[in-house]
Structures are given as C-alpha cells and as structure tokens.
Amino acid sequence: MSLPESLLNLFLPKTCIVCGRSLMEKEKSICLDCLADLPYTFFSKRERNPMADRVNSLIRNSSDGFEPYTRATALFHYRPGDSYSAITRSLKYGRDFSSGRFFSSLLAARMSASPLWRDVDLVIPVPLHWTRYWSRGYNQAAVIASVLARGLGAALDCRILVRRRRTLTQTRLTTEEKALNVRGAFRLSRSGRCLSVLSAARHILLVDDVYTTGSTIEACRVALREVFPREKRISVATLGFVG
Ligand SMILES: [Zn+2]
C-alpha cells in the first residue's frame with residue numbers, strides 16, 4: 001500500500017465490499033453477514049466438478065494426446081451484476097489489494113485442506129501484455145497467485161509465461177470469438193531459466209481472477225505444454241467461476 005493510500009485509509013471508514021455497510025473492527029473487507037452468504041463453490045475438495053469438466057472438455061478439443069484429468073477450483077460462483085462480483089472487480093480495476101489478498105487467502109485455506117493440491121510446486125498467473133501491465137501497474141492474477149503459492153508452499157513464477165500480443169477485452173465477445181481472440185496469445189519466455197524451472201516442476205497451478213469460457217487459461221496451458229510433459233499436471237485456480 002502506498003503512503004497516500006494508507007493515509008486515506010486512516011480517515012475513510014472501511015466498508016463491506018459487497019453491501020457497503022461500515023465494517024466492525026474485527027471484519028476484513030467483507031461483513032460477517034455477507035461472508036456467511038458468500039456463494040462458495042466447494043470445488044477445492046471435489047476432483048470432478050463443473051469447472052474441471054469445462055477445463056477438460058476444452059483440452060479434449062485441442063489436445064491430440066493423453067493428459068490426466070485436469071483439476072480446477074474457484075472460491076465462489078461469479079454472477080455478472082451480482083454484488084459479490086465486486087470481489088474480483090475491486091481487485092482488477094480498483095487496486096484493492098487488501099481485499100484481493102483476503103479472498104485469495106480464503107481460497108488458499110480451502111485448497112491446502114484438500115489432498116488434490118498437496119503436490120503443487122509451481123504457481124503461474126495468467127500474464128498481462130506488458131502495455132496493459134504498464135498502464136494498470138499490476139497484474140491482478142499475480143496478486144492472487146502469490147497468496148496461493150504461499151498457502152500451498154509452492155514457488156511463484158510471473159516471468160516464464162509471456163503474453164505476446166495485446167488481445168481485445170474478452171467481456172463482450174462470444175465464446176467462439178473469445179477462443180479466437182486468445183489463441184496463440186501466450187508463449188514461453190526464451191530465457192534459459194524458463195526451461196530449468198519447468199523441468200524441475202511436477203504440478204503447475206495456473207491462476208486467473210475469473211474463469212468464464214476458459215479460453216484464456218486453455219491458451220496458457222497450450223503454451224506450457226510445448227515443454228511441460230503431458231504426464232505432469234497443470235491445474236487451474238481462480239477466485240470467481242462463471243457457470
Ligand atoms: Zn456486507
């Protein structure tokens with residue numbers, strides 16, 4: 001948090017990210033009532049779930065060889081227009097790092113309580129294009145990824161996956177347009193370090209803020225598979241799941 005931000009926070013009352021009412025001292029980012037009603041997915045302990053099924057159907061469409069059933073989880077059901085969508089919106093557009101880290105830690109706690117994620121040893125956020133990174137100043141997926149990496153005791157790497165071209169904002173595109181928009185948009189870093197990091201990893205966790213059609217994550221997976229062998233796992237975690 002920058003100095004002006006921390007000064008502002010001294011004077012502005014903290015409010016619930018979902019309902020807007022003032023928070024009590026013990027509450028963080030969200031009031032206890034809204035936290036109790038958070039639409040959790042409970043995917044972290046279920047290997048087969050609607051998100052994992054969607055991830056795997058995209059893999060079957062694009063992959064020519066065997067790949068183990070891919071695991072996927074999200075913290076909550078994201079419904080556009082719903083007040084809970086502020087959880088990811090405030091991180092992506094509002095620089096709300098403390099809420100972003102708080103909700104990521106809820107997901108990290110769920111994942112570390114499940115054996116499905118125990119051997120994750122490398123966490124990689126979906127990268128932004130450098131021009132967008134420069135204008136926004138941070139990558140929201142990296143904020144989430146860093147909390148998950150710490151919670152799972154895994155390494156974090158924000159450099160081996162590179163977004164090679166700017167893509168259109170996905171929000172207003174159809175499913176087919178989204179897939180075309182991000183196809184081939186990612187590549188591996190050409191540094192020698194990239195190969196050694198990937199060859200040492202056993203189970204990669206790809207992280208984004210919201211999982212919608214899955215085309216962005218799928219394009220990242222395809223890029224990683226250029227060197228990461230099929231028999232090793234690439235799993236997926238996001239805060240929100242649309243579906
Ligand atoms: Zn509330």
# chains A, B, ... in the order shown; residues from 1 in each chain; ligands from 1
>>> select_by_dssp(residues="stretch 13-210 of chain A", states="helix (DSSP H, G or I)", output="ChimeraX atom specification")
/A:32-36,43-45,50-62,83-94,97-112,115-117,130-136,140-152,170-172,175-182,192-200
>>> closest_atom_pairs(of="chain A", to="ligand 1", cutoff="8 Å", atoms="only C-alpha atoms and all ligand atoms", output="CSV")
residue,atom,partner,partner_atom_place_in_ligand_line,distance
A:Thr15,CA,ligand 1,1 (Zn),7.9
A:Cys16,CA,ligand 1,1 (Zn),4.7
A:Ile17,CA,ligand 1,1 (Zn),6.6
A:Val18,CA,ligand 1,1 (Zn),5.0
A:Cys19,CA,ligand 1,1 (Zn),4.0
A:Gly20,CA,ligand 1,1 (Zn),6.0
A:Arg21,CA,ligand 1,1 (Zn),6.0
A:Ile30,CA,ligand 1,1 (Zn),5.5
A:Cys31,CA,ligand 1,1 (Zn),4.3
A:Leu32,CA,ligand 1,1 (Zn),6.8
A:Asp33,CA,ligand 1,1 (Zn),5.9
A:Cys34,CA,ligand 1,1 (Zn),4.3
A:Leu35,CA,ligand 1,1 (Zn),7.2
>>> write_last_selection(atoms="N, CA and C atoms", output="PDB file, in the first residue's frame")
ATOM      1  N   THR A  15     -15.538  -0.162   4.486  1.00  0.00           N
ATOM      2  CA  THR A  15     -16.895  -0.650   4.240  1.00  0.00           C
ATOM      3  C   THR A  15     -16.854  -2.046   3.624  1.00  0.00           C
ATOM      4  N   CYS A  16     -17.960  -2.757   3.773  1.00  0.00           N
ATOM      5  CA  CYS A  16     -18.079  -4.098   3.206  1.00  0.00           C
ATOM      6  C   CYS A  16     -18.072  -4.002   1.679  1.00  0.00           C
ATOM      7  N   ILE A  17     -17.243  -4.816   1.045  1.00  0.00           N
ATOM      8  CA  ILE A  17     -17.078  -4.788  -0.409  1.00  0.00           C
ATOM      9  C   ILE A  17     -18.372  -5.223  -1.118  1.00  0.00           C
ATOM     10  N   VAL A  18     -19.225  -5.959  -0.413  1.00  0.00           N
ATOM     11  CA  VAL A  18     -20.446  -6.482  -1.034  1.00  0.00           C
ATOM     12  C   VAL A  18     -21.657  -5.584  -0.762  1.00  0.00           C
ATOM     13  N   CYS A  19     -21.935  -5.251   0.509  1.00  0.00           N
ATOM     14  CA  CYS A  19     -23.160  -4.499   0.821  1.00  0.00           C
ATOM     15  C   CYS A  19     -22.891  -3.038   1.148  1.00  0.00           C
ATOM     16  N   GLY A  20     -21.629  -2.674   1.368  1.00  0.00           N
ATOM     17  CA  GLY A  20     -21.297  -1.275   1.575  1.00  0.00           C
ATOM     18  C   GLY A  20     -21.457  -0.766   2.998  1.00  0.00           C
ATOM     19  N   ARG A  21     -21.891  -1.592   3.934  1.00  0.00           N
ATOM     20  CA  ARG A  21     -22.052  -1.038   5.278  1.00  0.00           C
ATOM     21  C   ARG A  21     -20.694  -0.985   5.988  1.00  0.00           C
ATOM     22  N   ILE A  30     -15.108  -7.666   4.150  1.00  0.00           N
ATOM     23  CA  ILE A  30     -16.489  -8.103   3.948  1.00  0.00           C
ATOM     24  C   ILE A  30     -17.132  -8.259   5.330  1.00  0.00           C
ATOM     25  N   CYS A  31     -18.401  -7.892   5.448  1.00  0.00           N
ATOM     26  CA  CYS A  31     -19.042  -8.015   6.761  1.00  0.00           C
ATOM     27  C   CYS A  31     -19.392  -9.485   7.016  1.00  0.00           C
ATOM     28  N   LEU A  32     -19.615  -9.823   8.274  1.00  0.00           N
ATOM     29  CA  LEU A  32     -19.842 -11.235   8.617  1.00  0.00           C
ATOM     30  C   LEU A  32     -21.102 -11.778   7.953  1.00  0.00           C
ATOM     31  N   ASP A  33     -22.140 -10.923   7.792  1.00  0.00           N
ATOM     32  CA  ASP A  33     -23.375 -11.387   7.142  1.00  0.00           C
ATOM     33  C   ASP A  33     -23.113 -11.763   5.680  1.00  0.00           C
ATOM     34  N   CYS A  34     -22.415 -10.876   4.958  1.00  0.00           N
ATOM     35  CA  CYS A  34     -22.129 -11.164   3.545  1.00  0.00           C
ATOM     36  C   CYS A  34     -21.164 -12.342   3.420  1.00  0.00           C
ATOM     37  N   LEU A  35     -20.215 -12.453   4.363  1.00  0.00           N
ATOM     38  CA  LEU A  35     -19.285 -13.579   4.327  1.00  0.00           C
ATOM     39  C   LEU A  35     -20.034 -14.900   4.524  1.00  0.00           C
TER      40      LEU A  35
END
>>> residues_around(residues="A:Tyr69", least_positions_apart="6", cutoff="9 Å", atoms="only C-alpha atoms", output="MDAnalysis selection string")
chainID A and resid 47:48 52:53 56 233
>>> closest_atom_pairs(of="stretch 71-91 of chain A", to="stretch 107-113 of chain A", cutoff="9 Å", atoms="only C-alpha atoms", output="tab-separated table")
residue	atom	partner	partner_atom	distance
A:Thr73	CA	A:Met111	CA	8.4
A:Ala74	CA	A:Leu107	CA	7.3
A:Leu75	CA	A:Leu107	CA	5.3
A:Phe76	CA	A:Leu107	CA	8.9
>>> closest_residue(among="A:Arg46, A:Arg172, A:Arg165, A:Arg159", to="A:Pro115", atoms="only C-alpha atoms")
A:Arg46
>>> closest_residue(among="A:Glu27, A:Leu161, A:Val236, A:Leu188", to="A:Phe102", atoms="only C-alpha atoms")
A:Glu27
>>> closest_residue(among="A:Ala36, A:Ala201, A:Val120, A:Ala179", to="A:Gly151", atoms="only C-alpha atoms")
A:Val120
>>> closest_residue(among="A:Ala142, A:Cys158, A:Val210, A:Ala200", to="A:Thr88", atoms="only C-alpha atoms")
A:Val210
>>> closest_residue(among="A:Leu152, A:Ile217, A:Met24, A:Leu205", to="A:Ser105", atoms="only C-alpha atoms")
A:Leu152
>>> closest_residue(among="A:Gln140, A:Ser22, A:Thr212, A:Thr169", to="A:Arg54", atoms="only C-alpha atoms")
A:Thr212
>>> select_by_dssp(residues="stretch 23-230 of chain A", states="strand (DSSP E or B)", output="PyMOL selection string")
chain A and resi 40+72-77+122-125+155-156+161-163+186-188+203-211
>>> residues_around(residues="A:Ala223", least_positions_apart="6", cutoff="12 Å", atoms="only C-alpha atoms", output="MDAnalysis selection string")
chainID A and resid 126 160:164 182:189 198 206 216:217 229 234
>>> write_last_selection(atoms="C-alpha atoms", output="PDB file, in the first residue's frame")
ATOM      1  CA  VAL A 126      -2.096 -15.590 -16.440  1.00  0.00           C
ATOM      2  CA  ILE A 160       8.085 -17.821 -17.693  1.00  0.00           C
ATOM      3  CA  LEU A 161       4.714 -17.297 -19.382  1.00  0.00           C
ATOM      4  CA  VAL A 162       4.547 -14.240 -21.648  1.00  0.00           C
ATOM      5  CA  ARG A 163       1.568 -12.598 -23.369  1.00  0.00           C
ATOM      6  CA  ARG A 164       2.939 -11.999 -26.845  1.00  0.00           C
ATOM      7  CA  VAL A 182      -6.550 -15.529 -27.290  1.00  0.00           C
ATOM      8  CA  ARG A 183      -5.400 -18.426 -29.490  1.00  0.00           C
ATOM      9  CA  GLY A 184      -1.603 -18.255 -29.689  1.00  0.00           C
ATOM     10  CA  ALA A 185      -1.554 -15.164 -27.464  1.00  0.00           C
ATOM     11  CA  PHE A 186       0.891 -16.721 -24.993  1.00  0.00           C
ATOM     12  CA  ARG A 187       4.394 -18.109 -25.333  1.00  0.00           C
ATOM     13  CA  LEU A 188       7.164 -19.254 -23.028  1.00  0.00           C
ATOM     14  CA  SER A 189       9.947 -16.917 -22.052  1.00  0.00           C
ATOM     15  CA  LEU A 198       9.661 -26.076 -15.911  1.00  0.00           C
ATOM     16  CA  LEU A 206      -2.380 -21.697 -13.434  1.00  0.00           C
ATOM     17  CA  THR A 216      -7.518 -17.735 -21.807  1.00  0.00           C
ATOM     18  CA  ILE A 217      -6.443 -20.489 -19.417  1.00  0.00           C
ATOM     19  CA  PRO A 229       5.321 -33.108 -20.360  1.00  0.00           C
ATOM     20  CA  ILE A 234      -1.337 -28.405 -14.951  1.00  0.00           C
TER      21      ILE A 234
END
>>> atom_distance(atom1="atom CA of A:Gly214", atom2="atom CA of A:Pro125")
14.1 Å
>>> atom_distance(atom1="atom CA of A:Ser99", atom2="atom CA of A:Ser85")
12.5 Å
